[in-house]
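Listing of model35.txt; format and content: compact mmCIF, C-alpha atoms.
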# COMPACT_ATOMS: atom_id res chain seq x y z
CA MET K 114 39.65 -21.01 9.29
CA THR K 115 38.65 -17.46 10.13
CA SER K 116 37.12 -14.78 7.98
CA LEU K 117 36.12 -11.18 8.38
CA PHE K 118 34.23 -8.76 6.17
CA VAL K 119 34.65 -5.14 7.21
CA LYS K 120 32.85 -2.29 5.49
CA LYS K 121 34.31 1.12 6.18
CA ALA K 122 32.64 4.43 5.45
CA GLY K 123 33.78 7.96 4.93
CA ALA K 124 37.01 7.42 2.97
CA ILE K 125 38.46 10.58 1.45
CA ALA K 126 39.47 10.25 -2.21
CA LEU K 127 43.18 11.05 -2.30
CA ALA K 128 43.74 10.35 -5.98
CA THR K 129 41.91 9.21 -9.08
CA GLY K 130 44.65 8.18 -11.52
CA PHE K 131 45.17 4.46 -12.27
CA LEU K 132 47.74 2.53 -10.23
CA LEU K 133 50.22 5.35 -9.67
CA ALA K 134 48.11 8.51 -9.63
CA SER K 135 49.10 10.19 -6.38
CA THR K 136 51.98 7.87 -5.65
CA GLN K 137 54.73 9.13 -7.94
CA VAL K 138 57.68 10.35 -5.96
CA GLN K 139 61.12 11.78 -6.44
CA HIS K 140 64.38 10.48 -5.04
CA ALA K 141 66.11 12.35 -2.24
CA GLN K 142 69.81 12.35 -1.32
CA GLN K 143 71.26 8.94 -0.50
CA PRO K 144 71.12 8.13 3.23
CA ALA K 145 73.89 6.48 5.20
CA GLN K 146 73.44 3.06 3.57
CA GLN K 147 75.29 3.20 0.25
CA PRO K 148 74.32 1.40 -2.98
CA VAL K 149 76.41 -1.23 -4.70
CA PRO K 150 79.85 0.24 -5.54
CA GLY K 151 79.82 1.77 -8.98
CA ALA K 152 76.04 1.96 -9.18
CA PRO K 153 74.65 5.21 -10.59
CA ALA K 154 72.94 7.59 -8.21
CA ALA K 155 69.15 7.61 -8.15
CA VAL K 156 67.65 10.16 -10.50
CA GLY K 157 64.98 12.60 -9.42
CA ARG K 158 61.53 12.00 -10.93
CA GLY K 159 57.87 12.29 -10.18
CA GLY K 160 57.12 15.92 -10.89
CA GLY K 161 57.72 17.05 -7.33
CA ARG K 162 54.77 15.14 -5.89
CA GLY K 163 56.63 14.21 -2.76
CA ALA K 164 60.11 13.76 -1.39
CA ILE K 165 61.42 10.40 -0.28
CA ASP K 166 61.61 10.03 3.48
CA PRO K 167 65.32 10.24 4.43
CA ARG K 168 64.92 7.06 6.49
CA VAL K 169 64.37 5.09 3.26
CA GLN K 170 67.65 3.74 1.91
CA GLN K 171 68.13 3.99 -1.87
CA ARG K 172 70.06 1.01 -3.22
CA MET K 173 71.11 -0.55 -6.51
CA TYR K 174 72.29 -4.00 -7.55
CA THR K 175 73.36 -5.65 -10.80
CA PHE K 176 70.60 -7.64 -12.48
CA THR K 177 72.83 -10.18 -14.16
CA ASP K 178 70.30 -11.28 -16.80
CA THR K 179 70.62 -7.91 -18.53
CA ASN K 180 73.67 -6.45 -16.76
CA GLU K 181 71.59 -3.47 -15.66
CA GLN K 182 71.62 -1.63 -12.36
CA LEU K 183 68.19 -1.99 -10.76
CA PRO K 184 67.05 0.06 -7.76
CA TYR K 185 65.34 -1.06 -4.61
CA ALA K 186 64.38 0.77 -1.41
CA VAL K 187 64.76 -0.36 2.18
CA PHE K 188 63.33 0.93 5.45
CA VAL K 189 64.67 -0.48 8.70
CA SER K 190 62.82 0.16 11.95
CA SER K 191 64.90 1.38 14.87
CA LYS K 192 63.63 -1.75 16.67
CA VAL K 193 65.40 -4.09 14.24
CA SER K 194 68.39 -5.88 15.74
CA LYS K 195 70.88 -8.40 14.38
CA ASP K 196 70.56 -10.26 17.68
CA LYS K 197 66.94 -11.29 17.10
CA LYS K 198 64.64 -12.41 14.32
CA ASN K 199 62.96 -9.44 12.63
CA PRO K 200 59.74 -9.33 10.57
CA LEU K 201 59.97 -8.37 6.90
CA ILE K 202 57.46 -6.86 4.47
CA VAL K 203 58.00 -6.95 0.70
CA ALA K 204 55.93 -4.12 -0.82
CA LEU K 205 55.05 -4.04 -4.54
CA HIS K 206 54.21 -0.79 -6.34
CA GLY K 207 51.51 -0.16 -8.91
CA LEU K 208 51.84 0.46 -12.66
CA GLY K 209 54.04 3.48 -13.33
CA GLY K 210 55.44 3.46 -9.80
CA ASP K 211 58.90 2.72 -8.52
CA GLN K 212 60.67 1.22 -5.53
CA ASN K 213 59.64 4.15 -3.33
CA THR K 214 55.93 4.24 -4.11
CA MET K 215 54.92 2.03 -1.20
CA MET K 216 57.24 3.79 1.26
CA ARG K 217 54.58 6.27 2.33
CA ALA K 218 54.54 8.19 5.58
CA ASN K 219 51.83 6.16 7.31
CA ALA K 220 53.30 2.85 6.13
CA LEU K 221 56.73 3.85 7.41
CA GLN K 222 55.29 4.84 10.77
CA LEU K 223 53.50 1.51 11.04
CA ALA K 224 56.67 -0.32 10.02
CA GLU K 225 58.65 1.62 12.64
CA GLU K 226 56.15 0.82 15.38
CA GLY K 227 55.96 -2.84 14.39
CA GLY K 228 59.73 -3.31 14.19
CA TYR K 229 59.68 -4.23 10.51
CA ILE K 230 62.20 -4.27 7.74
CA MET K 231 60.28 -3.04 4.68
CA VAL K 232 61.65 -3.42 1.17
CA GLY K 233 60.35 -2.01 -2.11
CA PRO K 234 61.63 -3.86 -5.19
CA MET K 235 61.50 -2.23 -8.61
CA GLY K 236 60.04 -5.36 -10.22
CA TYR K 237 62.49 -4.80 -13.10
CA ASN K 238 60.60 -1.70 -14.26
CA SER K 239 57.43 0.25 -13.62
CA GLY K 240 55.27 -2.04 -15.76
CA GLY K 241 56.62 -5.55 -15.19
CA TRP K 242 53.56 -7.09 -13.48
CA TYR K 243 55.72 -9.30 -11.23
CA GLY K 244 55.42 -12.39 -13.41
CA ALA K 245 51.65 -12.31 -13.95
CA PRO K 246 50.38 -12.73 -17.54
CA ALA K 247 49.22 -9.07 -17.71
CA ARG K 248 46.95 -8.72 -20.73
CA TYR K 249 47.09 -4.94 -20.82
CA GLY K 250 50.17 -4.08 -18.81
CA THR K 251 52.71 -3.88 -21.64
CA GLY K 252 50.69 -2.65 -24.59
CA GLY K 253 49.98 -6.21 -25.77
CA ARG K 254 48.08 -9.29 -24.74
CA GLY K 255 50.65 -10.51 -22.28
CA ARG K 256 51.92 -14.05 -22.31
CA PRO K 257 50.83 -15.90 -25.46
CA GLY K 258 48.70 -18.89 -24.60
CA ALA K 259 48.27 -17.84 -20.97
CA PRO K 260 45.02 -19.01 -19.36
CA GLY K 261 42.28 -16.61 -20.34
CA ALA K 262 44.57 -14.59 -22.60
CA ALA K 263 42.65 -15.16 -25.80
CA ALA K 264 41.54 -12.12 -27.75
CA GLY K 265 38.13 -10.77 -26.94
CA ALA K 266 36.38 -8.91 -24.17
CA PRO K 267 38.26 -8.29 -20.90
CA PRO K 268 37.29 -10.51 -17.97
CA ALA K 269 34.93 -9.44 -15.24
CA GLY K 270 36.46 -6.68 -13.17
CA ALA K 271 38.69 -5.28 -15.91
CA PRO K 272 38.50 -1.57 -16.77
CA ALA K 273 35.79 -0.95 -19.32
CA ALA K 274 36.95 -0.58 -22.93
CA GLY K 275 36.96 3.01 -24.05
CA ALA K 276 36.92 4.37 -20.53
CA ALA K 277 38.70 7.66 -20.01
CA GLN K 278 41.31 5.96 -17.88
CA ALA K 279 42.07 3.15 -20.35
CA PRO K 280 45.43 4.47 -21.61
CA ALA K 281 46.65 4.80 -18.03
CA ALA K 282 45.61 1.22 -17.42
CA GLY K 283 48.73 0.16 -19.22
CA ARG K 284 47.61 -0.39 -22.80
CA GLY K 285 50.56 1.17 -24.59
CA ALA K 286 51.86 2.89 -21.48
CA ALA K 287 55.65 2.98 -21.47
CA PRO K 288 57.59 2.14 -18.30
CA THR K 289 58.83 5.25 -16.52
CA ALA K 290 61.48 3.75 -14.24
CA GLY K 291 63.75 0.75 -13.91
CA GLY K 292 65.23 -1.56 -16.52
CA THR K 293 64.90 -0.90 -20.24
CA ALA K 294 66.73 -3.78 -21.93
CA LEU K 295 63.68 -6.07 -22.01
CA THR K 296 60.58 -5.23 -24.02
CA ASP K 297 59.18 -8.66 -24.91
CA PRO K 298 56.23 -9.14 -22.52
CA VAL K 299 57.11 -12.71 -21.57
CA LYS K 300 60.74 -11.91 -20.76
CA LEU K 301 59.77 -8.66 -19.04
CA HIS K 302 57.28 -10.34 -16.74
CA GLU K 303 59.72 -13.13 -15.90
CA ALA K 304 62.41 -10.56 -15.09
CA SER K 305 59.94 -8.63 -12.91
CA GLU K 306 59.30 -11.69 -10.76
CA LYS K 307 63.00 -12.55 -10.66
CA ASP K 308 63.91 -9.05 -9.48
CA VAL K 309 61.50 -9.34 -6.55
CA MET K 310 62.93 -12.70 -5.55
CA ASN K 311 66.51 -11.42 -5.96
CA VAL K 312 65.83 -8.51 -3.63
CA LEU K 313 64.14 -10.79 -1.11
CA ASP K 314 67.19 -13.06 -1.17
CA MET K 315 69.58 -10.13 -0.63
CA ILE K 316 67.57 -8.84 2.33
CA ARG K 317 67.47 -12.29 3.92
CA LYS K 318 71.26 -12.53 3.64
CA GLU K 319 71.86 -9.05 5.04
CA PHE K 320 69.42 -9.07 7.95
CA ASN K 321 68.32 -11.54 10.59
CA VAL K 322 64.89 -12.06 9.03
CA ASP K 323 62.17 -14.04 10.76
CA GLU K 324 61.10 -16.75 8.29
CA ASN K 325 57.85 -17.06 10.25
CA ARG K 326 57.02 -13.36 9.81
CA THR K 327 57.80 -12.58 6.18
CA TYR K 328 54.92 -10.79 4.45
CA LEU K 329 53.94 -9.64 0.96
CA MET K 330 51.76 -6.67 0.06
CA GLY K 331 51.05 -4.42 -2.90
CA HIS K 332 48.74 -1.87 -4.49
CA SER K 333 46.90 -2.24 -7.83
CA MET K 334 49.41 -3.88 -10.21
CA GLY K 335 51.36 -4.64 -7.04
CA GLY K 336 48.21 -6.02 -5.43
CA ALA K 337 47.81 -8.39 -8.36
CA GLY K 338 51.50 -9.19 -8.03
CA SER K 339 51.02 -9.95 -4.35
CA MET K 340 48.28 -12.44 -5.13
CA PHE K 341 50.24 -13.99 -8.00
CA LEU K 342 53.52 -14.35 -6.08
CA GLY K 343 51.65 -15.08 -2.87
CA VAL K 344 50.26 -18.21 -4.47
CA LYS K 345 53.30 -19.16 -6.55
CA HIS K 346 55.70 -18.84 -3.61
CA ALA K 347 53.21 -19.67 -0.88
CA SER K 348 55.78 -21.40 1.33
CA ILE K 349 57.57 -18.09 1.97
CA TRP K 350 54.79 -15.89 3.28
CA ALA K 351 53.19 -15.63 6.70
CA ALA K 352 50.38 -13.54 5.16
CA VAL K 353 49.59 -11.60 1.99
CA GLY K 354 47.92 -8.20 1.62
CA ALA K 355 46.50 -6.45 -1.44
CA GLU K 356 45.06 -2.97 -1.96
CA ALA K 357 42.76 -2.61 -5.00
CA PRO K 358 44.40 -5.60 -6.72
CA ALA K 359 44.33 -5.21 -10.52
CA THR K 360 43.98 -8.94 -11.07
CA ALA K 361 41.85 -8.81 -14.23
CA PRO K 362 44.34 -6.62 -16.15
CA ALA K 363 47.05 -8.93 -14.76
CA GLY K 364 45.36 -11.85 -16.52
CA LEU K 365 44.23 -13.43 -13.24
CA THR K 366 40.69 -14.46 -12.32
CA PRO K 367 39.46 -16.94 -9.70
CA GLU K 368 38.67 -19.30 -12.58
CA THR K 369 42.07 -19.13 -14.31
CA TYR K 370 44.39 -18.73 -11.32
CA SER K 371 43.72 -21.07 -8.42
CA LEU K 372 44.19 -19.98 -4.82
CA GLU K 373 44.36 -23.63 -3.80
CA PRO K 374 48.19 -23.72 -3.34
CA ALA K 375 47.88 -20.81 -0.91
CA LYS K 376 44.68 -21.79 0.88
CA LYS K 377 46.56 -21.94 4.19
CA ILE K 378 48.04 -18.45 3.71
CA PRO K 379 46.05 -15.69 5.47
CA MET K 380 45.08 -12.93 3.03
CA ILE K 381 43.67 -9.45 3.38
CA ILE K 382 42.22 -7.28 0.60
CA VAL K 383 41.32 -3.61 0.96
CA GLN K 384 39.05 -2.30 -1.81
CA GLY K 385 37.18 0.94 -2.39
CA ASP K 386 33.61 0.49 -3.58
CA MET K 387 33.89 3.60 -5.79
CA ASP K 388 37.00 2.35 -7.61
CA THR K 389 36.29 2.77 -11.35
CA LEU K 390 39.65 1.31 -12.39
CA VAL K 391 39.58 -1.92 -10.39
CA PRO K 392 35.83 -2.44 -9.95
CA VAL K 393 34.69 -3.85 -6.63
CA ALA K 394 32.73 -6.61 -8.37
CA GLY K 395 35.94 -8.27 -9.51
CA THR K 396 37.46 -8.18 -6.04
CA ARG K 397 34.35 -9.67 -4.51
CA LEU K 398 34.80 -12.72 -6.76
CA TRP K 399 38.13 -13.42 -5.06
CA ILE K 400 36.52 -13.09 -1.65
CA GLU K 401 33.86 -15.62 -2.65
CA LYS K 402 36.62 -18.00 -3.71
CA MET K 403 38.39 -17.51 -0.37
CA LYS K 404 35.13 -18.37 1.40
CA GLU K 405 34.74 -21.48 -0.74
CA LEU K 406 38.27 -22.63 0.13
CA LYS K 407 37.68 -21.84 3.82
CA MET K 408 40.72 -19.62 3.87
CA THR K 409 41.69 -17.28 6.69
CA TYR K 410 41.02 -13.87 5.22
CA GLN K 411 39.87 -10.34 5.89
CA TYR K 412 38.07 -8.16 3.38
CA VAL K 413 37.87 -4.42 4.03
CA GLU K 414 35.50 -2.67 1.64
CA VAL K 415 35.77 1.09 1.96
CA ALA K 416 32.55 2.99 1.24
CA GLY K 417 33.42 5.92 -1.01
CA GLY K 418 36.99 4.70 -1.42
CA ASP K 419 38.58 5.02 -4.84
CA HIS K 420 41.62 3.49 -6.47
CA GLY K 421 44.18 5.87 -5.03
CA SER K 422 42.73 6.41 -1.57
CA VAL K 423 43.11 2.80 -0.42
CA LEU K 424 46.87 3.02 -0.89
CA THR K 425 46.97 5.18 2.23
CA THR K 426 43.83 4.14 4.11
CA GLY K 427 44.53 0.43 3.65
CA ALA K 428 47.93 0.37 5.35
CA PRO K 429 46.67 0.27 8.98
CA ASP K 430 44.36 -2.66 8.25
CA ILE K 431 47.09 -4.61 6.46
CA PHE K 432 49.71 -4.00 9.16
CA ALA K 433 47.21 -4.98 11.86
CA PHE K 434 46.41 -8.17 9.95
CA PHE K 435 50.09 -9.04 9.55
CA ALA K 436 50.67 -8.51 13.27
CA THR K 437 48.19 -11.25 14.10
CA HIS K 438 49.46 -13.89 11.67
CA THR K 439 52.67 -15.89 11.64
CA LYS K 440 53.65 -19.13 9.92
CA ALA K 441 54.23 -20.64 13.35
CA GLY K 442 50.63 -19.86 14.25
CA ARG K 443 49.11 -21.79 11.35
Reformat the file's structure so that it appears as structure tokens.
Amino acid sequence: MTSLFVKKAGAIALATGFLLASTQVQHAQQPAQQPVPGAPAAVGRGGGRGAIDPRVQQRMYTFTDTNEQLPYAVFVSSKVSKDKKNPLIVALHGLGGDQNTMMRANALQLAEEGGYIMVGPMGYNSGGWYGAPARYGTGGRGRPGAPGAAAGAPPAGAPAAGAAQAPAAGRGAAPTAGGTALTDPVKLHEASEKDVMNVLDMIRKEFNVDENRTYLMGHSMGGAGSMFLGVKHASIWAAVGAEAPATAPAGLTPETYSLEPAKKIPMIIVQGDMDTLVPVAGTRLWIEKMKELKMTYQYVEVAGGDHGSVLTTGAPDIFAFFATHTKAGR
């Protein structure tokens, strides 16, 4: 068991909007890798806040449950070869994001240097919550009867009721990308998880993926999704990373969602101490639970960091953490 608490200072606030904020992007022209035959071309969106790096492949596949075409994005380092096992990172976007949200410039550079395949699933749509109960993520209370889903005050760490950012926290927020056939929260969340696992399966079949170096990471809603799927599918991951994980809005707390099944999985969390949307107090509860379970973990608390800034500043810490952990090394 190893643990590390790092407190960083001097973070620059890059964005203040919840989950997506500065991460909305628009699709660029399809690169050399073509989508599934007959799939519609990706549609531009995101208000011109940034063009997709041409190295990121835009793909589609048929989600058979609803017969919809769902997008996913893939980056392949120039160091990847079919003749050797290659590390893989599955990267989950935040609420309102899409398959390209996590494919940021610094993350792509780190993936290139580390020889990674990096894939961004849609998670069915921009508000699917990757299978987590998600009290606020779909305009309702999430999964009926889910642990801790009873009506009443939000759990510790949830955005304060009546806060200026509350609508953007997902209460009533409509998905902006991805599938539209499912609106029931239970079915939507199940489809979100299934989409991630479908994409993972496709990547494993296409590439020579190293089963000992397959990683999961995400920001905000995606950070909560990383912790949820990291525990539920613990046997897959070499390590799990989360940036400002919105676990309370996802219906997850250390008391209602046990880390026990994943206590042997190394985890890293990057959290800004000035985050008003995912308060640092809630994240610290998870760190205390990791200590209690004697997990291998790293906690990077960024002084002055807000909800959006850690999406960029957290990438180097997460990639460095992944580089030092493999399933074979446990």
Legend entry - Residue with smallest distance to Tyr237 of chain K - pool K:Gly209, K:Ala218, K:Ala204, K:Pro184, counting only C-alpha atoms: K:Pro184
Write out as a compact mmCIF listing (two decimals) with C-alpha atoms, keeping the file's coordinate frame which residues come within 7 Å of Gly336 of chain K when counting all atoms listed in the file, dropping same-chain ones fewer than 3 positions away.
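So around19.txt came out as:
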# COMPACT_ATOMS: atom_id res chain seq x y z
CA MET K 330 51.76 -6.67 0.06
CA GLY K 331 51.05 -4.42 -2.90
CA HIS K 332 48.74 -1.87 -4.49
CA SER K 333 46.90 -2.24 -7.83
CA SER K 339 51.02 -9.95 -4.35
CA MET K 340 48.28 -12.44 -5.13
CA ALA K 355 46.50 -6.45 -1.44
CA GLU K 356 45.06 -2.97 -1.96
CA ALA K 357 42.76 -2.61 -5.00
CA PRO K 358 44.40 -5.60 -6.72
CA ALA K 359 44.33 -5.21 -10.52
Inset, instruction - Rank nothing, just name the residue among K:Thr179, K:Asn311, K:Ser348, K:Asn199 nearest to Gly227 of chain K, using only C-alpha atoms. - result: K:Asn199
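With only C-alpha atoms as the atoms that count, the minimum distance from Gln182 of chain K to the choices K:Lys402, K:Gln411, K:Gly417, K:Ala290 is reached by K:Ala290.
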Legend entry - Atom-to-atom span, atom CA of Thr425 of chain K and atom CA of Met215 of chain K, Å: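 Value for the atom CA of Thr425 of chain K-atom CA of Met215 of chain K distance: 9.2 Å.
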Inset, instruction - Name the closest residue to Leu221 of chain K among the candidates K:Arg168, K:Asn238, K:Ala245, K:Thr115; distances are taken between atoms, counting only C-alpha atoms. - result: K:Arg168
Legend entry - Atomic separation - atom CA of Met173 of chain K relative to atom CA of Gly292 of chain K, Å: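 Spanning atom CA of Gly292 of chain K to atom CA of Met173 of chain K is a straight-line distance of 11.7 Å.
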May I have the residues within 7 Å of Glu414 of chain K as a PDB file with C-alpha atoms, in the frame of the given file, using only C-alpha atoms and disregarding those fewer than 6 positions away in the same chain?
ATOM      1  CA  VAL K 119      34.650  -5.140   7.210  1.00  0.00           C
ATOM      2  CA  LYS K 120      32.850  -2.290   5.490  1.00  0.00           C
ATOM      3  CA  LYS K 121      34.310   1.120   6.180  1.00  0.00           C
ATOM      4  CA  VAL K 383      41.320  -3.610   0.960  1.00  0.00           C
ATOM      5  CA  GLN K 384      39.050  -2.300  -1.810  1.00  0.00           C
ATOM      6  CA  GLY K 385      37.180   0.940  -2.390  1.00  0.00           C
ATOM      7  CA  ASP K 386      33.610   0.490  -3.580  1.00  0.00           C
TER       8      ASP K 386
END
Inset, instruction - In Å, rounded to a single decimal, give me how far atom CA of Gly354 of chain K is from atom CA of Ala441 of chain K. - result: 18.2 Å
Legend entry - Residue among K:Pro374, K:Pro379, K:Gly395, K:Gly364 lying closest to Ser116 of chain K, counting only C-alpha atoms: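 Result for the nearest residue to Ser116 of chain K: K:Pro379.
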Legend entry - Best match for closeness to Ala352 of chain K among K:Thr293, K:Thr366, K:Thr439, K:Thr396, counting all atoms listed in the file: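 Smallest separation from Ala352 of chain K among the options: K:Thr439.
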Legend entry - For Asn180 of chain K: contacts at 10 Å, all atoms listed in the file, fewer than 5 positions along chain excluded, given as number ranges by chain: K: 174-175, 292, 294
